[in-house]
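One file, query.csv, carrying CSV, C-alpha atoms:
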chain,number,residue,atom,x,y,z
Y,30,VAL,CA,50.4,-46.8,37.6
Y,31,GLY,CA,54.0,-45.7,37.5
Y,32,LEU,CA,53.0,-42.1,36.7
Y,33,LEU,CA,50.4,-42.0,39.5
Y,34,ARG,CA,52.9,-43.5,42.0
Y,35,SER,CA,55.5,-40.8,41.1
Y,36,ALA,CA,52.8,-38.2,41.7
Y,37,GLY,CA,52.2,-39.4,45.2
Y,38,SER,CA,49.3,-41.8,44.8
Y,39,VAL,CA,49.0,-44.7,47.3
Y,40,PHE,CA,47.7,-47.9,45.8
Y,41,LEU,CA,45.7,-50.4,47.9
Y,42,GLY,CA,46.2,-53.3,45.4
Y,43,LYS,CA,44.6,-54.9,42.4
Y,44,SER,CA,40.8,-55.1,42.2
Y,45,ASN,CA,38.5,-57.7,40.7
Y,46,THR,CA,38.0,-57.8,36.9
Y,47,ALA,CA,36.4,-59.9,34.2
Y,48,GLU,CA,38.5,-62.7,32.8
Y,49,PHE,CA,40.9,-61.0,30.2
Y,50,GLY,CA,38.7,-57.9,30.5
Y,51,GLN,CA,36.2,-59.4,28.1
Y,52,SER,CA,32.9,-59.0,29.8
Y,53,ALA,CA,30.5,-56.2,30.9
Y,54,THR,CA,30.2,-58.0,34.2
Y,55,THR,CA,33.0,-58.8,36.6
Y,56,ALA,CA,32.9,-62.6,36.6
Y,57,ASN,CA,35.8,-64.9,36.6
Y,58,ARG,CA,36.5,-68.4,38.0
Y,59,LEU,CA,38.8,-67.2,40.9
Y,60,GLY,CA,35.8,-66.5,43.2
Y,61,PRO,CA,32.3,-64.9,43.3
Y,62,GLU,CA,31.3,-62.3,40.8
Y,63,CYS,CA,32.0,-58.8,42.0
Y,64,GLY,CA,28.8,-57.3,43.6
Y,65,ASN,CA,27.5,-53.7,43.4
Y,66,PRO,CA,28.0,-51.8,46.7
Y,67,TRP,CA,24.6,-50.3,46.4
Y,68,ASP,CA,22.9,-53.7,46.1
Y,69,THR,CA,25.2,-56.7,46.3
Y,70,SER,CA,22.7,-58.9,44.5
Y,71,ARG,CA,23.4,-56.9,41.4
Y,72,THR,CA,26.5,-56.6,39.2
Y,73,SER,CA,29.0,-53.7,39.4
Y,74,GLY,CA,29.5,-53.9,35.7
Y,75,GLY,CA,32.7,-54.7,33.9
Y,76,SER,CA,35.3,-55.3,33.0
Y,77,SER,CA,36.8,-52.9,35.6
Y,78,GLY,CA,34.0,-53.7,38.0
Y,79,GLY,CA,36.2,-54.2,41.1
Y,80,ALA,CA,37.8,-50.8,40.5
Y,81,ALA,CA,34.4,-49.1,40.5
Y,82,ALA,CA,33.1,-51.1,43.4
Y,83,ALA,CA,36.1,-50.1,45.5
Y,84,VAL,CA,35.5,-46.4,44.9
Y,85,ALA,CA,31.7,-46.7,45.4
Y,86,ALA,CA,32.2,-48.6,48.7
Y,87,GLY,CA,34.6,-45.9,50.0
Y,88,LEU,CA,37.7,-48.2,50.0
Y,89,ALA,CA,39.5,-45.8,47.6
Y,90,THR,CA,39.2,-42.1,46.5
Y,91,ALA,CA,39.7,-43.1,42.9
Y,92,SER,CA,40.8,-46.0,40.8
Y,93,LEU,CA,42.4,-46.8,37.5
Y,94,GLY,CA,40.5,-48.8,35.0
Y,95,SER,CA,41.0,-49.8,31.4
Y,96,ASP,CA,38.5,-49.4,28.6
Y,97,GLY,CA,38.2,-51.0,25.2
Y,98,GLY,CA,34.5,-51.3,24.7
Y,99,GLY,CA,33.0,-49.7,27.9
Y,100,SER,CA,35.1,-51.3,30.6
Y,101,ILE,CA,35.5,-48.0,32.5
Y,102,ARG,CA,32.2,-46.4,31.5
Y,103,ILE,CA,29.9,-49.3,32.2
Y,104,PRO,CA,31.0,-50.0,35.8
Y,105,ALA,CA,31.2,-46.3,36.6
Y,106,ALA,CA,27.6,-45.8,35.4
Y,107,MET,CA,26.4,-48.9,37.3
Y,108,CYS,CA,28.0,-47.8,40.5
Y,109,GLY,CA,27.0,-44.1,40.3
Y,110,LEU,CA,30.5,-42.8,39.6
Y,111,VAL,CA,32.5,-40.7,37.1
Y,112,GLY,CA,34.4,-42.7,34.6
Y,113,ILE,CA,36.4,-41.3,31.7
Y,114,LYS,CA,37.9,-43.1,28.7
Y,115,PRO,CA,40.3,-40.5,27.3
Y,116,THR,CA,40.3,-39.7,23.6
Y,117,PHE,CA,42.1,-42.7,22.1
Y,118,THR,CA,45.7,-42.2,20.8
Y,119,PRO,CA,47.2,-45.1,19.0
Y,120,LEU,CA,50.2,-46.6,20.9
Y,121,PRO,CA,52.9,-49.1,19.9
Y,122,PRO,CA,51.7,-52.7,20.4
Y,123,SER,CA,54.2,-53.1,23.3
Y,124,ASP,CA,52.3,-50.5,25.3
Y,125,LEU,CA,48.9,-52.0,24.9
Y,126,PHE,CA,46.9,-54.8,26.5
Y,127,ARG,CA,47.0,-58.0,24.6
Y,128,ALA,CA,43.4,-57.7,23.4
Y,129,MET,CA,41.3,-54.9,22.0
Y,130,THR,CA,44.6,-53.4,20.8
Y,131,ARG,CA,42.8,-51.0,18.5
Y,132,PHE,CA,40.5,-49.6,21.2
Y,133,VAL,CA,41.9,-50.0,24.7
Y,134,CYS,CA,43.4,-47.3,27.0
Y,135,ALA,CA,43.5,-46.6,30.7
Y,136,GLY,CA,41.5,-44.0,32.5
Y,137,PRO,CA,40.1,-42.8,35.9
Y,138,ILE,CA,37.1,-43.9,37.9
Y,139,ALA,CA,36.2,-41.5,40.8
Y,140,ARG,CA,33.3,-40.2,42.9
Y,141,SER,CA,33.7,-36.6,41.4
Y,142,SER,CA,34.8,-34.9,38.3
Y,143,ALA,CA,37.4,-33.1,40.3
Y,144,ASP,CA,39.0,-36.3,41.5
Y,145,ALA,CA,38.9,-37.8,38.0
Y,146,ARG,CA,40.5,-34.7,36.6
Y,147,GLU,CA,43.5,-35.1,39.0
Y,148,LEU,CA,44.2,-38.6,37.8
Y,149,LEU,CA,43.7,-37.8,34.2
Y,150,ALA,CA,46.1,-34.8,34.4
Y,151,VAL,CA,48.9,-37.1,35.7
Y,152,GLN,CA,48.1,-39.8,33.2
Y,153,LEU,CA,48.2,-37.4,30.2
Y,154,GLY,CA,51.0,-35.2,31.6
Y,155,ARG,CA,48.9,-32.0,31.1
Y,156,ASP,CA,47.4,-29.3,33.2
Y,157,LEU,CA,43.7,-29.9,33.3
Y,158,SER,CA,42.8,-27.3,36.0
Y,159,ALA,CA,39.3,-26.0,35.7
Y,160,GLN,CA,39.1,-22.8,33.7
Y,161,THR,CA,36.3,-20.3,33.5
Y,162,ARG,CA,34.9,-20.1,30.0
Y,163,GLY,CA,32.1,-18.3,28.2
Y,164,PRO,CA,28.8,-19.9,27.1
Y,165,LEU,CA,29.3,-23.3,25.5
Y,166,ARG,CA,27.5,-25.2,22.8
Y,167,ILE,CA,26.5,-28.5,24.3
Y,168,GLY,CA,25.0,-31.4,22.4
Y,169,TRP,CA,22.5,-33.6,24.2
Y,170,CYS,CA,21.4,-37.0,22.9
Y,171,PRO,CA,18.4,-38.1,25.1
Y,172,ALA,CA,18.3,-41.6,23.7
Y,173,PRO,CA,21.4,-42.9,21.9
Y,174,GLU,CA,20.4,-45.2,19.0
Y,175,HIS,CA,16.8,-44.5,20.0
Y,176,ARG,CA,17.1,-47.1,22.8
Y,177,PRO,CA,14.9,-46.9,25.9
Y,178,VAL,CA,16.2,-44.9,28.8
Y,179,HIS,CA,15.0,-45.4,32.4
Y,180,PRO,CA,12.6,-42.6,33.4
Y,181,ALA,CA,14.7,-41.7,36.4
Y,182,ILE,CA,17.9,-41.4,34.3
Y,183,ARG,CA,16.0,-39.3,31.7
Y,184,ALA,CA,14.6,-37.0,34.4
Y,185,ALA,CA,18.0,-36.5,36.0
Y,186,THR,CA,19.6,-35.7,32.7
Y,187,ALA,CA,16.9,-33.3,31.7
Y,188,ALA,CA,17.2,-31.5,35.0
Y,189,ALA,CA,21.0,-31.1,34.4
Y,190,VAL,CA,20.3,-29.7,31.0
Y,191,GLU,CA,17.9,-27.1,32.4
Y,192,LYS,CA,20.7,-26.0,34.9
Y,193,LEU,CA,23.2,-25.7,32.0
Y,194,GLN,CA,20.7,-23.6,30.0
Y,195,ALA,CA,20.0,-21.4,33.1
Y,196,ARG,CA,23.7,-20.7,33.3
Y,197,GLY,CA,23.7,-19.4,29.8
Y,198,HIS,CA,24.9,-22.4,27.8
Y,199,SER,CA,23.3,-23.4,24.5
Y,200,VAL,CA,22.0,-27.0,24.5
Y,201,GLU,CA,21.1,-28.6,21.2
Y,202,VAL,CA,19.3,-31.9,21.0
Y,203,LEU,CA,21.0,-34.2,18.5
Y,204,ASP,CA,21.2,-37.8,17.3
Y,205,LEU,CA,24.6,-39.5,17.5
Y,206,PRO,CA,25.3,-41.2,14.1
Y,207,LEU,CA,26.6,-44.4,15.5
Y,208,ASP,CA,25.5,-46.7,12.7
Y,209,GLY,CA,28.1,-49.4,12.0
Y,210,TRP,CA,30.0,-49.2,15.4
Y,211,LEU,CA,29.4,-52.9,16.0
Y,212,ASP,CA,30.9,-53.8,12.6
Y,213,ALA,CA,33.9,-51.6,13.4
Y,214,PHE,CA,34.4,-53.1,16.8
Y,215,GLY,CA,33.6,-56.8,16.7
Y,216,ALA,CA,36.0,-58.2,14.1
Y,217,PRO,CA,39.2,-56.6,15.4
Y,218,VAL,CA,38.4,-57.7,19.0
Y,219,LEU,CA,37.7,-61.3,18.1
Y,220,PHE,CA,40.7,-61.4,15.8
Y,221,ASP,CA,42.9,-60.4,18.8
Y,222,GLU,CA,41.2,-63.0,21.0
Y,223,TRP,CA,42.2,-65.8,18.6
Y,224,LYS,CA,45.7,-64.3,18.0
Y,225,TYR,CA,46.6,-64.1,21.6
Y,226,ARG,CA,44.6,-66.9,23.3
Y,227,ASN,CA,44.0,-69.7,20.7
Y,228,GLN,CA,46.5,-71.9,22.5
Y,229,LEU,CA,44.3,-71.8,25.7
Y,230,LEU,CA,41.5,-73.8,23.9
Y,231,GLU,CA,43.7,-76.9,23.9
Y,232,GLU,CA,45.6,-76.5,27.2
Y,233,PHE,CA,43.0,-74.9,29.5
Y,234,SER,CA,39.6,-75.0,27.9
Y,235,GLU,CA,37.9,-76.3,31.0
Y,236,GLU,CA,39.4,-73.6,33.2
Y,237,LEU,CA,38.2,-70.7,31.0
Y,238,THR,CA,34.9,-68.8,31.6
Y,239,ARG,CA,32.3,-69.7,29.0
Y,240,TYR,CA,32.3,-66.1,27.6
Y,241,VAL,CA,36.1,-66.1,27.0
Y,242,ARG,CA,36.0,-69.6,25.5
Y,243,ARG,CA,33.2,-68.5,23.1
Y,244,GLY,CA,35.1,-65.4,22.2
Y,245,ILE,CA,38.2,-67.2,21.3
Y,246,GLU,CA,36.3,-69.8,19.3
Y,247,ALA,CA,34.5,-67.0,17.4
Y,248,GLY,CA,37.8,-65.4,16.5
Y,249,ARG,CA,38.9,-68.5,14.6
Y,250,SER,CA,36.8,-67.5,11.5
Y,251,ILE,CA,37.9,-63.8,11.5
Y,252,THR,CA,40.3,-63.0,8.6
Y,253,GLU,CA,42.7,-60.1,7.9
Y,254,ALA,CA,40.3,-59.0,5.3
Y,255,ASP,CA,37.5,-58.7,7.9
Y,256,VAL,CA,39.8,-56.6,10.1
Y,257,HIS,CA,40.7,-54.3,7.2
Y,258,ALA,CA,37.0,-53.9,6.4
Y,259,ALA,CA,36.2,-53.1,10.0
Y,260,ALA,CA,39.0,-50.5,10.1
Y,261,LEU,CA,37.4,-48.7,7.1
Y,262,VAL,CA,34.0,-48.7,8.9
Y,263,GLN,CA,35.7,-47.4,12.0
Y,264,GLU,CA,37.1,-44.4,10.1
Y,265,GLN,CA,33.6,-43.7,8.7
Y,266,VAL,CA,32.0,-43.7,12.2
Y,267,ARG,CA,34.8,-41.5,13.5
Y,268,ASP,CA,34.4,-39.0,10.7
Y,269,ARG,CA,30.6,-38.8,11.3
Y,270,ILE,CA,31.1,-38.2,15.1
Y,271,ALA,CA,33.8,-35.6,14.3
Y,272,ARG,CA,31.4,-33.7,12.1
Y,273,VAL,CA,28.9,-33.6,15.0

Any chance you could give the structure as structure tokens?
Amino acid sequence: VGLLRSAGSVFLGKSNTAEFGQSATTANRLGPECGNPWDTSRTSGGSSGGAAAAVAAGLATASLGSDGGGSIRIPAAMCGLVGIKPTFTPLPPSDLFRAMTRFVCAGPIARSSADARELLAVQLGRDLSAQTRGPLRIGWCPAPEHRPVHPAIRAATAAAVEKLQARGHSVEVLDLPLDGWLDAFGAPVLFDEWKYRNQLLEEFSEELTRYVRRGIEAGRSITEADVHAAALVQEQVRDRIARV
């Protein structure tokens, strides 16, 4: 936020979020769940659901979200926006949110790639101006983990692929080797939940959302050995993706 302010950004305020950023919907006990501007009976996603809803509704040109396990990407997708979780660079614990410390970082949510690029350039302190490049090799995974994809999403993506090929780029269909990602992700996140929030179970249990309470309780049984094992799996997943 400080970097963006110094670059001339004007902030409207803080937007709605899931409690402690721990849910893929934006539900907390301060008020109603954040609705989706395209259909207010549906969720805007989460945890940065308010940030995405504000942009989709035209309240802001762009917004800043945080992402540990999809908290930028999920609401951006559900609200029809561009969301970027930058390539993760480990930071000192003092610079991180007090949860998901192995995974979380900030990033932009915007209506266009150009707007997202402006925010990301300031955030990273780099010139990200568009450059003309020769033909690219582009990997396309039509169904990650072989999960079902909505026909309209599949058709829109296929049409975009055709346009890329028509412009001379090489598109290769591939599978993303994501096996083990849940093992790499779950234990460290739950360990953090217990580490930072276990005292809330005694003092404020009735004031917590059900999903946060369950997360803290699940973290009770996670050990340092579990976290170490998860870190090894994380390196394996990262290496497989890097080879792709």

Straight-line distance linking atom CA of Y:Ala181 with atom CA of Y:Val84, stated in Å to one decimal: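 Atom-to-atom, atom CA of Y:Ala181 and atom CA of Y:Val84 are spaced 23.0 Å apart.
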
One-decimal distance in Å that lies between atom CA of Y:Ala80 and atom CA of Y:Arg155: 23.8 Å

Can you list, as a compact mmCIF listing (two decimals) with C-alpha atoms, in the coordinates of the input, every protein, DNA or RNA residue that comes within 7 Å of Y:Asp204 when you count all atoms listed in the file, leaving out same-chain residues fewer than 2 positions away?
# COMPACT_ATOMS: atom_id res chain seq x y z
CA CYS Y 170 21.40 -37.00 22.90
CA PRO Y 173 21.40 -42.90 21.90
CA PRO Y 206 25.30 -41.20 14.10

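Distance check against Y:Ile103 using only C-alpha atoms: of Y:Ser76, Y:Ser199, Y:Gln265, Y:Thr46, the minimum falls on Y:Ser76.
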
From Y:Ala185, Y:Val200, Y:Ser100, Y:Gly136, residue lying nearest Y:Ala150 [only C-alpha atoms]: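 The closest residue to Y:Ala150 is Y:Gly136.
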
Proximity to Y:Val111 - best of Y:Gly154, Y:Ala145, Y:Met129, Y:Ala85, only C-alpha atoms: Y:Ala145

Which residue of Y:Ala91, Y:Ile167, Y:Ala184, Y:Ala195 approaches Y:Ser141 most closely, using all atoms listed in the file: Y:Ala91

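Proximity ranking of Y:Ile101, Y:Leu211, Y:Cys108, Y:Leu33 relative to Y:Cys63 places Y:Cys108 first, based on only C-alpha atoms.
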
Given all atoms listed in the file as the counted atoms, nearest of Y:Arg34, Y:His175, Y:Arg131, Y:Arg140 to Y:Gln263: Y:Arg131
